[in-house]
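Shown here: structure.cif, mmCIF, C-alpha atoms.
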```
data_run
loop_
_atom_site.label_atom_id
_atom_site.label_comp_id
_atom_site.auth_asym_id
_atom_site.auth_seq_id
_atom_site.Cartn_x
_atom_site.Cartn_y
_atom_site.Cartn_z
CA MET A 1 0.00 0.00 0.00
CA ILE A 2 1.10 3.53 -0.84
CA VAL A 3 -0.12 6.78 0.76
CA PHE A 4 0.13 9.97 -1.28
CA TYR A 5 -0.39 13.10 0.76
CA ASP A 6 -0.08 16.86 0.86
CA THR A 7 -0.50 19.56 3.47
CA GLU A 8 -1.35 23.23 3.28
CA THR A 9 0.07 25.23 6.17
CA THR A 10 0.22 28.54 8.00
CA GLY A 11 3.75 29.12 6.68
CA LEU A 12 7.18 27.66 6.11
CA LEU A 13 9.20 25.65 8.61
CA VAL A 14 11.65 27.45 10.86
CA PRO A 15 14.95 25.83 11.92
CA ALA A 16 14.36 22.73 14.04
CA ALA A 17 16.22 24.23 17.01
CA ASN A 18 13.24 26.55 17.55
CA ASP A 19 10.52 25.66 20.02
CA ILE A 20 7.62 23.67 18.52
CA SER A 21 5.35 26.65 19.19
CA LYS A 22 7.28 28.59 16.52
CA GLN A 23 6.61 25.97 13.81
CA PRO A 24 3.71 26.47 11.39
CA HIS A 25 0.47 24.50 11.60
CA ILE A 26 -1.35 22.35 9.06
CA ILE A 27 -4.57 23.97 7.80
CA GLU A 28 -5.52 21.33 5.22
CA ILE A 29 -4.49 17.74 4.60
CA CYS A 30 -5.34 15.20 1.94
CA ALA A 31 -4.10 11.62 1.93
CA MET A 32 -5.01 8.91 -0.57
CA LYS A 33 -4.13 5.25 -0.07
CA PHE A 34 -3.56 2.99 -3.08
CA THR A 35 -2.64 -0.62 -3.67
CA ASP A 36 0.69 -1.26 -5.38
CA ASP A 37 -1.35 -1.63 -8.60
CA MET A 38 -2.60 1.95 -8.10
CA GLU A 39 -6.17 1.12 -7.12
CA LEU A 40 -7.65 3.61 -4.68
CA VAL A 41 -8.35 2.01 -1.29
CA ASP A 42 -9.09 4.98 0.97
CA GLU A 43 -9.00 8.75 1.05
CA TYR A 44 -9.06 11.40 3.75
CA SER A 45 -9.28 15.15 3.35
CA SER A 46 -9.99 17.86 5.89
CA PHE A 47 -9.42 21.44 6.84
CA ILE A 48 -7.68 21.77 10.21
CA LYS A 49 -8.20 24.77 12.44
CA PRO A 50 -4.92 26.39 13.52
CA PRO A 51 -4.65 28.09 16.93
CA PHE A 52 -4.47 31.54 15.31
CA PRO A 53 -5.84 33.26 12.18
CA ILE A 54 -4.02 32.60 8.92
CA SER A 55 -2.34 35.48 7.11
CA ASP A 56 -3.57 37.19 3.98
CA GLU A 57 -0.47 35.83 2.22
CA ILE A 58 -1.46 32.22 2.99
CA THR A 59 -5.02 32.93 1.83
CA LYS A 60 -3.63 34.39 -1.41
CA ILE A 61 -1.52 31.27 -2.04
CA THR A 62 -4.03 28.60 -0.98
CA LYS A 63 -7.39 30.36 -1.41
CA ILE A 64 -8.18 29.05 2.10
CA THR A 65 -9.78 31.70 4.30
CA ASN A 66 -10.20 32.06 8.04
CA GLU A 67 -13.95 31.72 7.45
CA MET A 68 -13.37 28.27 5.87
CA LEU A 69 -11.36 27.21 8.93
CA LYS A 70 -13.55 28.64 11.70
CA ASP A 71 -15.51 25.41 12.31
CA ALA A 72 -12.78 22.99 11.21
CA PRO A 73 -11.58 20.28 13.61
CA SER A 74 -8.25 20.52 15.40
CA PHE A 75 -5.38 18.24 14.43
CA ALA A 76 -6.02 16.22 17.62
CA ASP A 77 -9.60 15.68 16.42
CA VAL A 78 -8.51 14.27 13.04
CA TYR A 79 -5.48 12.32 14.27
CA GLY A 80 -7.33 8.97 14.38
CA ASP A 81 -8.59 9.31 10.81
CA ILE A 82 -5.13 10.20 9.50
CA ALA A 83 -3.41 7.43 11.47
CA ASN A 84 -5.98 4.87 10.24
CA LEU A 85 -5.35 5.86 6.64
CA PHE A 86 -1.58 5.48 7.03
CA LEU A 87 -1.91 2.17 8.91
CA GLY A 88 -0.65 -0.75 6.82
CA ALA A 89 1.00 1.39 4.14
CA ARG A 90 4.54 0.41 3.21
CA SER A 91 5.29 3.68 1.34
CA MET A 92 4.46 7.34 1.74
CA VAL A 93 4.85 9.78 -1.14
CA ALA A 94 4.80 13.57 -1.18
CA HIS A 95 6.17 16.08 -3.63
CA ASN A 96 8.35 17.91 -1.11
CA LEU A 97 8.39 15.05 1.37
CA GLY A 98 10.83 16.67 3.79
CA PHE A 99 8.41 19.55 4.29
CA ASP A 100 5.17 17.55 4.50
CA ARG A 101 6.71 14.87 6.72
CA SER A 102 8.07 17.56 9.06
CA MET A 103 4.71 19.31 9.16
CA LEU A 104 2.98 16.06 10.07
CA ALA A 105 5.66 15.26 12.65
CA ASN A 106 5.30 18.71 14.25
CA GLU A 107 1.55 18.26 14.63
CA LEU A 108 2.14 14.78 16.09
CA ILE A 109 4.67 16.21 18.57
CA ARG A 110 2.11 18.79 19.68
CA ILE A 111 -0.36 16.03 20.63
CA ASP A 112 2.30 13.58 21.90
CA ARG A 113 1.68 10.98 19.16
CA LEU A 114 4.91 11.07 17.14
CA ILE A 115 6.07 7.62 18.24
CA GLN A 116 2.62 6.04 18.00
CA PHE A 117 2.02 7.17 14.40
CA PRO A 118 2.15 4.31 11.84
CA TRP A 119 4.94 5.73 9.68
CA PRO A 120 5.45 3.69 6.48
CA MET A 121 8.93 2.20 6.03
CA LYS A 122 9.61 3.71 2.59
CA HIS A 123 9.56 7.46 2.01
CA VAL A 124 9.48 8.80 -1.57
CA CYS A 125 10.03 12.45 -2.46
CA THR A 126 9.12 13.32 -6.05
CA VAL A 127 11.21 16.50 -5.84
CA GLU A 128 14.31 14.35 -5.29
CA ARG A 129 13.31 11.79 -7.91
CA SER A 130 12.71 14.44 -10.61
CA MET A 131 15.86 16.56 -10.15
CA SER A 132 17.66 14.98 -13.11
CA TYR A 133 15.21 16.56 -15.59
CA GLU A 134 16.45 20.13 -15.15
CA GLY A 135 19.34 19.61 -12.74
CA ARG A 136 17.41 21.36 -9.98
CA ARG A 137 14.26 21.09 -7.88
CA LEU A 138 11.08 20.96 -9.95
CA ASN A 139 7.94 22.40 -8.45
CA LEU A 140 4.80 20.29 -8.67
CA THR A 141 3.48 22.25 -11.66
CA LYS A 142 6.62 21.48 -13.69
CA LEU A 143 6.55 17.79 -12.75
CA HIS A 144 2.85 17.64 -13.61
CA LYS A 145 3.61 19.25 -17.00
CA LEU A 146 6.26 16.61 -17.70
CA ALA A 147 3.77 13.90 -16.76
CA THR A 148 0.68 15.23 -18.53
CA GLY A 149 1.72 18.00 -20.92
CA LYS A 150 -0.65 20.41 -19.12
CA GLU A 151 0.75 23.89 -18.46
CA GLN A 152 -1.12 24.49 -15.19
CA ILE A 153 -2.76 22.66 -12.31
CA ASP A 154 -6.21 24.14 -11.83
CA GLY A 155 -6.71 24.70 -8.11
CA ALA A 156 -3.02 24.27 -7.20
CA HIS A 157 -2.02 24.78 -3.56
CA ARG A 158 -5.07 22.95 -2.30
CA ALA A 159 -4.28 19.60 -0.72
CA LYS A 160 -6.49 17.29 -2.81
CA THR A 161 -5.65 18.98 -6.10
CA ASP A 162 -1.95 18.74 -5.29
CA VAL A 163 -2.26 15.05 -4.32
CA LEU A 164 -3.95 14.29 -7.65
CA ALA A 165 -1.14 16.11 -9.49
CA LEU A 166 1.41 14.27 -7.32
CA ILE A 167 -0.08 10.91 -8.34
CA GLU A 168 0.31 11.80 -12.04
CA GLY A 169 3.93 12.84 -11.40
CA TYR A 170 4.58 9.63 -9.46
CA LYS A 171 3.19 7.44 -12.25
CA PHE A 172 5.37 9.31 -14.76
CA LEU A 173 8.50 8.85 -12.61
CA VAL A 174 7.75 5.12 -12.21
CA LYS A 175 7.37 4.79 -15.99
CA GLU A 176 10.66 6.67 -16.46
CA GLY A 177 12.43 4.31 -14.03
CA LYS A 178 13.09 7.04 -11.44
CA ILE A 179 11.04 5.19 -8.81
CA LYS A 180 11.14 1.43 -8.34
#
```
Encoded form using structure tokens:
Amino acid sequence: MIVFYDTETTGLLVPAANDISKQPHIIEICAMKFTDDMELVDEYSSFIKPPFPISDEITKITKITNEMLKDAPSFADVYGDIANLFLGARSMVAHNLGFDRSMLANELIRIDRLIQFPWPMKHVCTVERSMSYEGRRLNLTKLHKLATGKEQIDGAHRAKTDVLALIEGYKFLVKEGKIK
């Protein structure tokens, strides 16, 4: 089983030496679980209410507003659903895995569940696997263009849209022999 996931957040990570309270929060998550034959098994998507209002800059990037988040559950409230989706997966895939994995880990630290979380054994970052195409980091839009020929991702920077684009990029990289 493979879990593809993406997070939208209140900002970028700060150096790890900072207190956890200084790290950004997840405001949206989408995770989709597939068999190794790429058949969808399960899916989870939710807004997550951060402990403070999001900035206008984050709203501009994600199109997520404070109004959309006002009645959203906390990360602690959705933990069980996320953990259940990851349970039994052997691989986890994200475009910028280091970021999304750290964001998930920070939220797990905040609720004292980091060790209990069912982390898959294999971690795949499509940024790393696609670097040979231009000799540098490709953003998800560029990887998606390589995979599909489409210039843009309609609704980019929303978790589910980005996961669907990620899946297309992953399939392309598998076909190209960049992921085994």
Ranking A:Ile111, A:Cys30, A:Ala105, A:Ala89 by minimum distance to Ala76 (chain A) and counting all atoms listed in the file, which one comes first?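 Using all atoms listed in the file, the shortest distance to Ala76 (chain A) belongs to A:Ile111.
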* To do: Enumerate, as a ChimeraX atom specification, the residues matched when the PyMOL selection byres ((chain A and resi 74) around 6) is run on the file above.
  => /A:48-49,73,75-77
**OP:** Give as a ChimeraX atom specification every residue, naming chains and numbers as the document does, that has an atom within 10 Å of (-1.5, 19.9, 6.4), counting all atoms listed in the file.
**Re:** /A:5-10,24-31,45-48,75,100-101,103-104,107,158-159
### Task
Could you give me, as number ranges by chain, the residues that have an atom at most 8 Å away from the point (0.7, 7.1, 13.6) in the coordinates of the file, using only C-alpha atoms?
A: 82-84, 86-87, 113-119
C-alpha atoms of the current selection, written as a PDB file, in the coordinates of the input:
```pdb
ATOM      1  CA  ILE A  82      -5.130  10.200   9.500  1.00  0.00           C
ATOM      2  CA  ALA A  83      -3.410   7.430  11.470  1.00  0.00           C
ATOM      3  CA  ASN A  84      -5.980   4.870  10.240  1.00  0.00           C
ATOM      4  CA  PHE A  86      -1.580   5.480   7.030  1.00  0.00           C
ATOM      5  CA  LEU A  87      -1.910   2.170   8.910  1.00  0.00           C
ATOM      6  CA  ARG A 113       1.680  10.980  19.160  1.00  0.00           C
ATOM      7  CA  LEU A 114       4.910  11.070  17.140  1.00  0.00           C
ATOM      8  CA  ILE A 115       6.070   7.620  18.240  1.00  0.00           C
ATOM      9  CA  GLN A 116       2.620   6.040  18.000  1.00  0.00           C
ATOM     10  CA  PHE A 117       2.020   7.170  14.400  1.00  0.00           C
ATOM     11  CA  PRO A 118       2.150   4.310  11.840  1.00  0.00           C
ATOM     12  CA  TRP A 119       4.940   5.730   9.680  1.00  0.00           C
TER      13      TRP A 119
END
```
Coordinates-based distance that separates CA of Gly149 (chain A) from CA of Glu43 (chain A) (Å, one decimal):
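Result for CA of Glu43 (chain A) versus CA of Gly149 (chain A): 26.1 Å, one decimal.
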Students should find that CA of Asp19 (chain A) and CA of Asn96 (chain A) are spaced 22.6 Å
Using all atoms listed in the file, which residues sit within 7 Å of His123 (chain A) once same-chain residues fewer than 2 positions away are excluded, as a PyMOL selection string?
chain A and resi 91-93+121+125
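Note that the spacing between CA of Arg90 (chain A) and CA of Phe172 (chain A) amounts to 20.1 Å.
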task: Rank nothing, just name the residue among A:His95, A:Leu173, A:Val3, A:Val163 nearest to Val41 (chain A), using all atoms listed in the file.
output: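 Ranked by minimum distance to Val41 (chain A), first place goes to A:Val3.
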- Message: Could you list, as a PyMOL selection string, every residue matched by the PyMOL selection byres ((chain A and resi 139) around 12) in this structure?
- Response: chain A and resi 94-96+125-131+133-134+136-138+140-146+152-153+156-157+162+165-166+169
Counting only C-alpha atoms, the residue among A:Leu12, A:Lys171, A:Gly80, A:Met32 that lies closest to Ile58 (chain A) is A:Leu12
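Comparing the minimum interatomic distances between Leu13 (chain A) and each of A:Leu108, A:Lys180, A:Pro120, A:Gly98, counting all atoms listed in the file, we find that A:Gly98 sits nearest.
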At the level of N, CA and C atoms, write region 138-179 of chain A to a file as a PDB file, in the first residue's frame, please.
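File written: result-v6.pdb
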```
ATOM      1  N   LEU A 138      12.258  20.616  -9.159  1.00  0.00           N
ATOM      2  CA  LEU A 138      11.076  20.963  -9.947  1.00  0.00           C
ATOM      3  C   LEU A 138       9.906  21.190  -9.000  1.00  0.00           C
ATOM      4  N   ASN A 139       9.147  22.249  -9.238  1.00  0.00           N
ATOM      5  CA  ASN A 139       7.938  22.400  -8.450  1.00  0.00           C
ATOM      6  C   ASN A 139       6.894  21.419  -8.989  1.00  0.00           C
ATOM      7  N   LEU A 140       5.806  21.270  -8.287  1.00  0.00           N
ATOM      8  CA  LEU A 140       4.796  20.287  -8.674  1.00  0.00           C
ATOM      9  C   LEU A 140       4.192  20.606 -10.034  1.00  0.00           C
ATOM     10  N   THR A 141       4.026  21.865 -10.351  1.00  0.00           N
ATOM     11  CA  THR A 141       3.476  22.249 -11.657  1.00  0.00           C
ATOM     12  C   THR A 141       4.377  21.771 -12.788  1.00  0.00           C
ATOM     13  N   LYS A 142       5.688  21.931 -12.632  1.00  0.00           N
ATOM     14  CA  LYS A 142       6.622  21.483 -13.685  1.00  0.00           C
ATOM     15  C   LYS A 142       6.629  19.958 -13.809  1.00  0.00           C
ATOM     16  N   LEU A 143       6.597  19.252 -12.688  1.00  0.00           N
ATOM     17  CA  LEU A 143       6.548  17.790 -12.746  1.00  0.00           C
ATOM     18  C   LEU A 143       5.241  17.340 -13.400  1.00  0.00           C
ATOM     19  N   HIS A 144       4.151  17.970 -13.033  1.00  0.00           N
ATOM     20  CA  HIS A 144       2.847  17.636 -13.610  1.00  0.00           C
ATOM     21  C   HIS A 144       2.851  17.887 -15.120  1.00  0.00           C
ATOM     22  N   LYS A 145       3.511  18.955 -15.554  1.00  0.00           N
ATOM     23  CA  LYS A 145       3.613  19.246 -16.999  1.00  0.00           C
ATOM     24  C   LYS A 145       4.402  18.148 -17.704  1.00  0.00           C
ATOM     25  N   LEU A 146       5.510  17.716 -17.116  1.00  0.00           N
ATOM     26  CA  LEU A 146       6.262  16.605 -17.700  1.00  0.00           C
ATOM     27  C   LEU A 146       5.395  15.350 -17.821  1.00  0.00           C
ATOM     28  N   ALA A 147       4.588  15.119 -16.809  1.00  0.00           N
ATOM     29  CA  ALA A 147       3.766  13.904 -16.758  1.00  0.00           C
ATOM     30  C   ALA A 147       2.568  13.960 -17.696  1.00  0.00           C
ATOM     31  N   THR A 148       1.966  15.139 -17.818  1.00  0.00           N
ATOM     32  CA  THR A 148       0.680  15.227 -18.531  1.00  0.00           C
ATOM     33  C   THR A 148       0.693  16.143 -19.749  1.00  0.00           C
ATOM     34  N   GLY A 149       1.686  17.017 -19.849  1.00  0.00           N
ATOM     35  CA  GLY A 149       1.716  18.002 -20.920  1.00  0.00           C
ATOM     36  C   GLY A 149       0.900  19.245 -20.607  1.00  0.00           C
ATOM     37  N   LYS A 150       0.195  19.262 -19.490  1.00  0.00           N
ATOM     38  CA  LYS A 150      -0.651  20.408 -19.121  1.00  0.00           C
ATOM     39  C   LYS A 150       0.198  21.501 -18.486  1.00  0.00           C
ATOM     40  N   GLU A 151      -0.025  22.736 -18.929  1.00  0.00           N
ATOM     41  CA  GLU A 151       0.754  23.892 -18.458  1.00  0.00           C
ATOM     42  C   GLU A 151       0.497  24.236 -16.997  1.00  0.00           C
ATOM     43  N   GLN A 152      -0.754  24.064 -16.539  1.00  0.00           N
ATOM     44  CA  GLN A 152      -1.119  24.485 -15.190  1.00  0.00           C
ATOM     45  C   GLN A 152      -1.887  23.385 -14.469  1.00  0.00           C
ATOM     46  N   ILE A 153      -1.926  23.520 -13.155  1.00  0.00           N
ATOM     47  CA  ILE A 153      -2.756  22.665 -12.314  1.00  0.00           C
ATOM     48  C   ILE A 153      -3.881  23.552 -11.798  1.00  0.00           C
ATOM     49  N   ASP A 154      -5.081  23.340 -12.297  1.00  0.00           N
ATOM     50  CA  ASP A 154      -6.213  24.138 -11.830  1.00  0.00           C
ATOM     51  C   ASP A 154      -6.478  23.833 -10.361  1.00  0.00           C
ATOM     52  N   GLY A 155      -6.471  24.879  -9.534  1.00  0.00           N
ATOM     53  CA  GLY A 155      -6.707  24.697  -8.106  1.00  0.00           C
ATOM     54  C   GLY A 155      -5.458  24.311  -7.332  1.00  0.00           C
ATOM     55  N   ALA A 156      -4.281  24.603  -7.893  1.00  0.00           N
ATOM     56  CA  ALA A 156      -3.020  24.274  -7.199  1.00  0.00           C
ATOM     57  C   ALA A 156      -2.987  24.920  -5.824  1.00  0.00           C
ATOM     58  N   HIS A 157      -2.195  24.350  -4.957  1.00  0.00           N
ATOM     59  CA  HIS A 157      -2.025  24.776  -3.563  1.00  0.00           C
ATOM     60  C   HIS A 157      -3.281  24.530  -2.737  1.00  0.00           C
ATOM     61  N   ARG A 158      -4.024  23.532  -3.130  1.00  0.00           N
ATOM     62  CA  ARG A 158      -5.075  22.954  -2.300  1.00  0.00           C
ATOM     63  C   ARG A 158      -4.692  21.488  -2.197  1.00  0.00           C
ATOM     64  N   ALA A 159      -4.855  20.918  -1.014  1.00  0.00           N
ATOM     65  CA  ALA A 159      -4.282  19.603  -0.715  1.00  0.00           C
ATOM     66  C   ALA A 159      -4.739  18.510  -1.686  1.00  0.00           C
ATOM     67  N   LYS A 160      -6.037  18.376  -1.939  1.00  0.00           N
ATOM     68  CA  LYS A 160      -6.492  17.285  -2.811  1.00  0.00           C
ATOM     69  C   LYS A 160      -6.032  17.483  -4.249  1.00  0.00           C
ATOM     70  N   THR A 161      -6.119  18.701  -4.746  1.00  0.00           N
ATOM     71  CA  THR A 161      -5.653  18.983  -6.102  1.00  0.00           C
ATOM     72  C   THR A 161      -4.176  18.637  -6.237  1.00  0.00           C
ATOM     73  N   ASP A 162      -3.388  19.026  -5.242  1.00  0.00           N
ATOM     74  CA  ASP A 162      -1.949  18.738  -5.290  1.00  0.00           C
ATOM     75  C   ASP A 162      -1.665  17.242  -5.168  1.00  0.00           C
ATOM     76  N   VAL A 163      -2.451  16.508  -4.401  1.00  0.00           N
ATOM     77  CA  VAL A 163      -2.262  15.053  -4.320  1.00  0.00           C
ATOM     78  C   VAL A 163      -2.566  14.413  -5.676  1.00  0.00           C
ATOM     79  N   LEU A 164      -3.625  14.850  -6.327  1.00  0.00           N
ATOM     80  CA  LEU A 164      -3.952  14.286  -7.649  1.00  0.00           C
ATOM     81  C   LEU A 164      -2.846  14.578  -8.662  1.00  0.00           C
ATOM     82  N   ALA A 165      -2.268  15.779  -8.619  1.00  0.00           N
ATOM     83  CA  ALA A 165      -1.135  16.111  -9.491  1.00  0.00           C
ATOM     84  C   ALA A 165       0.091  15.283  -9.109  1.00  0.00           C
ATOM     85  N   LEU A 166       0.304  15.096  -7.824  1.00  0.00           N
ATOM     86  CA  LEU A 166       1.410  14.271  -7.322  1.00  0.00           C
ATOM     87  C   LEU A 166       1.313  12.844  -7.866  1.00  0.00           C
ATOM     88  N   ILE A 167       0.125  12.285  -7.862  1.00  0.00           N
ATOM     89  CA  ILE A 167      -0.076  10.915  -8.345  1.00  0.00           C
ATOM     90  C   ILE A 167       0.314  10.816  -9.819  1.00  0.00           C
ATOM     91  N   GLU A 168      -0.071  11.804 -10.611  1.00  0.00           N
ATOM     92  CA  GLU A 168       0.313  11.799 -12.038  1.00  0.00           C
ATOM     93  C   GLU A 168       1.833  11.875 -12.178  1.00  0.00           C
ATOM     94  N   GLY A 169       2.466  12.736 -11.381  1.00  0.00           N
ATOM     95  CA  GLY A 169       3.926  12.837 -11.399  1.00  0.00           C
ATOM     96  C   GLY A 169       4.593  11.543 -10.975  1.00  0.00           C
ATOM     97  N   TYR A 170       4.051  10.905  -9.953  1.00  0.00           N
ATOM     98  CA  TYR A 170       4.583   9.629  -9.459  1.00  0.00           C
ATOM     99  C   TYR A 170       4.506   8.557 -10.556  1.00  0.00           C
ATOM    100  N   LYS A 171       3.351   8.435 -11.184  1.00  0.00           N
ATOM    101  CA  LYS A 171       3.192   7.437 -12.254  1.00  0.00           C
ATOM    102  C   LYS A 171       4.205   7.677 -13.373  1.00  0.00           C
ATOM    103  N   PHE A 172       4.401   8.945 -13.734  1.00  0.00           N
ATOM    104  CA  PHE A 172       5.373   9.313 -14.756  1.00  0.00           C
ATOM    105  C   PHE A 172       6.781   8.889 -14.336  1.00  0.00           C
ATOM    106  N   LEU A 173       7.152   9.191 -13.094  1.00  0.00           N
ATOM    107  CA  LEU A 173       8.495   8.848 -12.610  1.00  0.00           C
ATOM    108  C   LEU A 173       8.700   7.337 -12.530  1.00  0.00           C
ATOM    109  N   VAL A 174       7.659   6.592 -12.205  1.00  0.00           N
ATOM    110  CA  VAL A 174       7.747   5.125 -12.213  1.00  0.00           C
ATOM    111  C   VAL A 174       7.996   4.645 -13.640  1.00  0.00           C
ATOM    112  N   LYS A 175       7.223   5.168 -14.575  1.00  0.00           N
ATOM    113  CA  LYS A 175       7.368   4.794 -15.990  1.00  0.00           C
ATOM    114  C   LYS A 175       8.764   5.120 -16.509  1.00  0.00           C
ATOM    115  N   GLU A 176       9.321   6.237 -16.048  1.00  0.00           N
ATOM    116  CA  GLU A 176      10.662   6.672 -16.464  1.00  0.00           C
ATOM    117  C   GLU A 176      11.780   5.918 -15.738  1.00  0.00           C
ATOM    118  N   GLY A 177      11.437   5.070 -14.776  1.00  0.00           N
ATOM    119  CA  GLY A 177      12.426   4.315 -14.029  1.00  0.00           C
ATOM    120  C   GLY A 177      13.085   5.087 -12.904  1.00  0.00           C
ATOM    121  N   LYS A 178      12.534   6.225 -12.533  1.00  0.00           N
ATOM    122  CA  LYS A 178      13.090   7.037 -11.442  1.00  0.00           C
ATOM    123  C   LYS A 178      12.640   6.554 -10.075  1.00  0.00           C
ATOM    124  N   ILE A 179      11.549   5.780 -10.049  1.00  0.00           N
ATOM    125  CA  ILE A 179      11.040   5.191  -8.807  1.00  0.00           C
ATOM    126  C   ILE A 179      10.813   3.720  -9.079  1.00  0.00           C
TER     127      ILE A 179
END
```
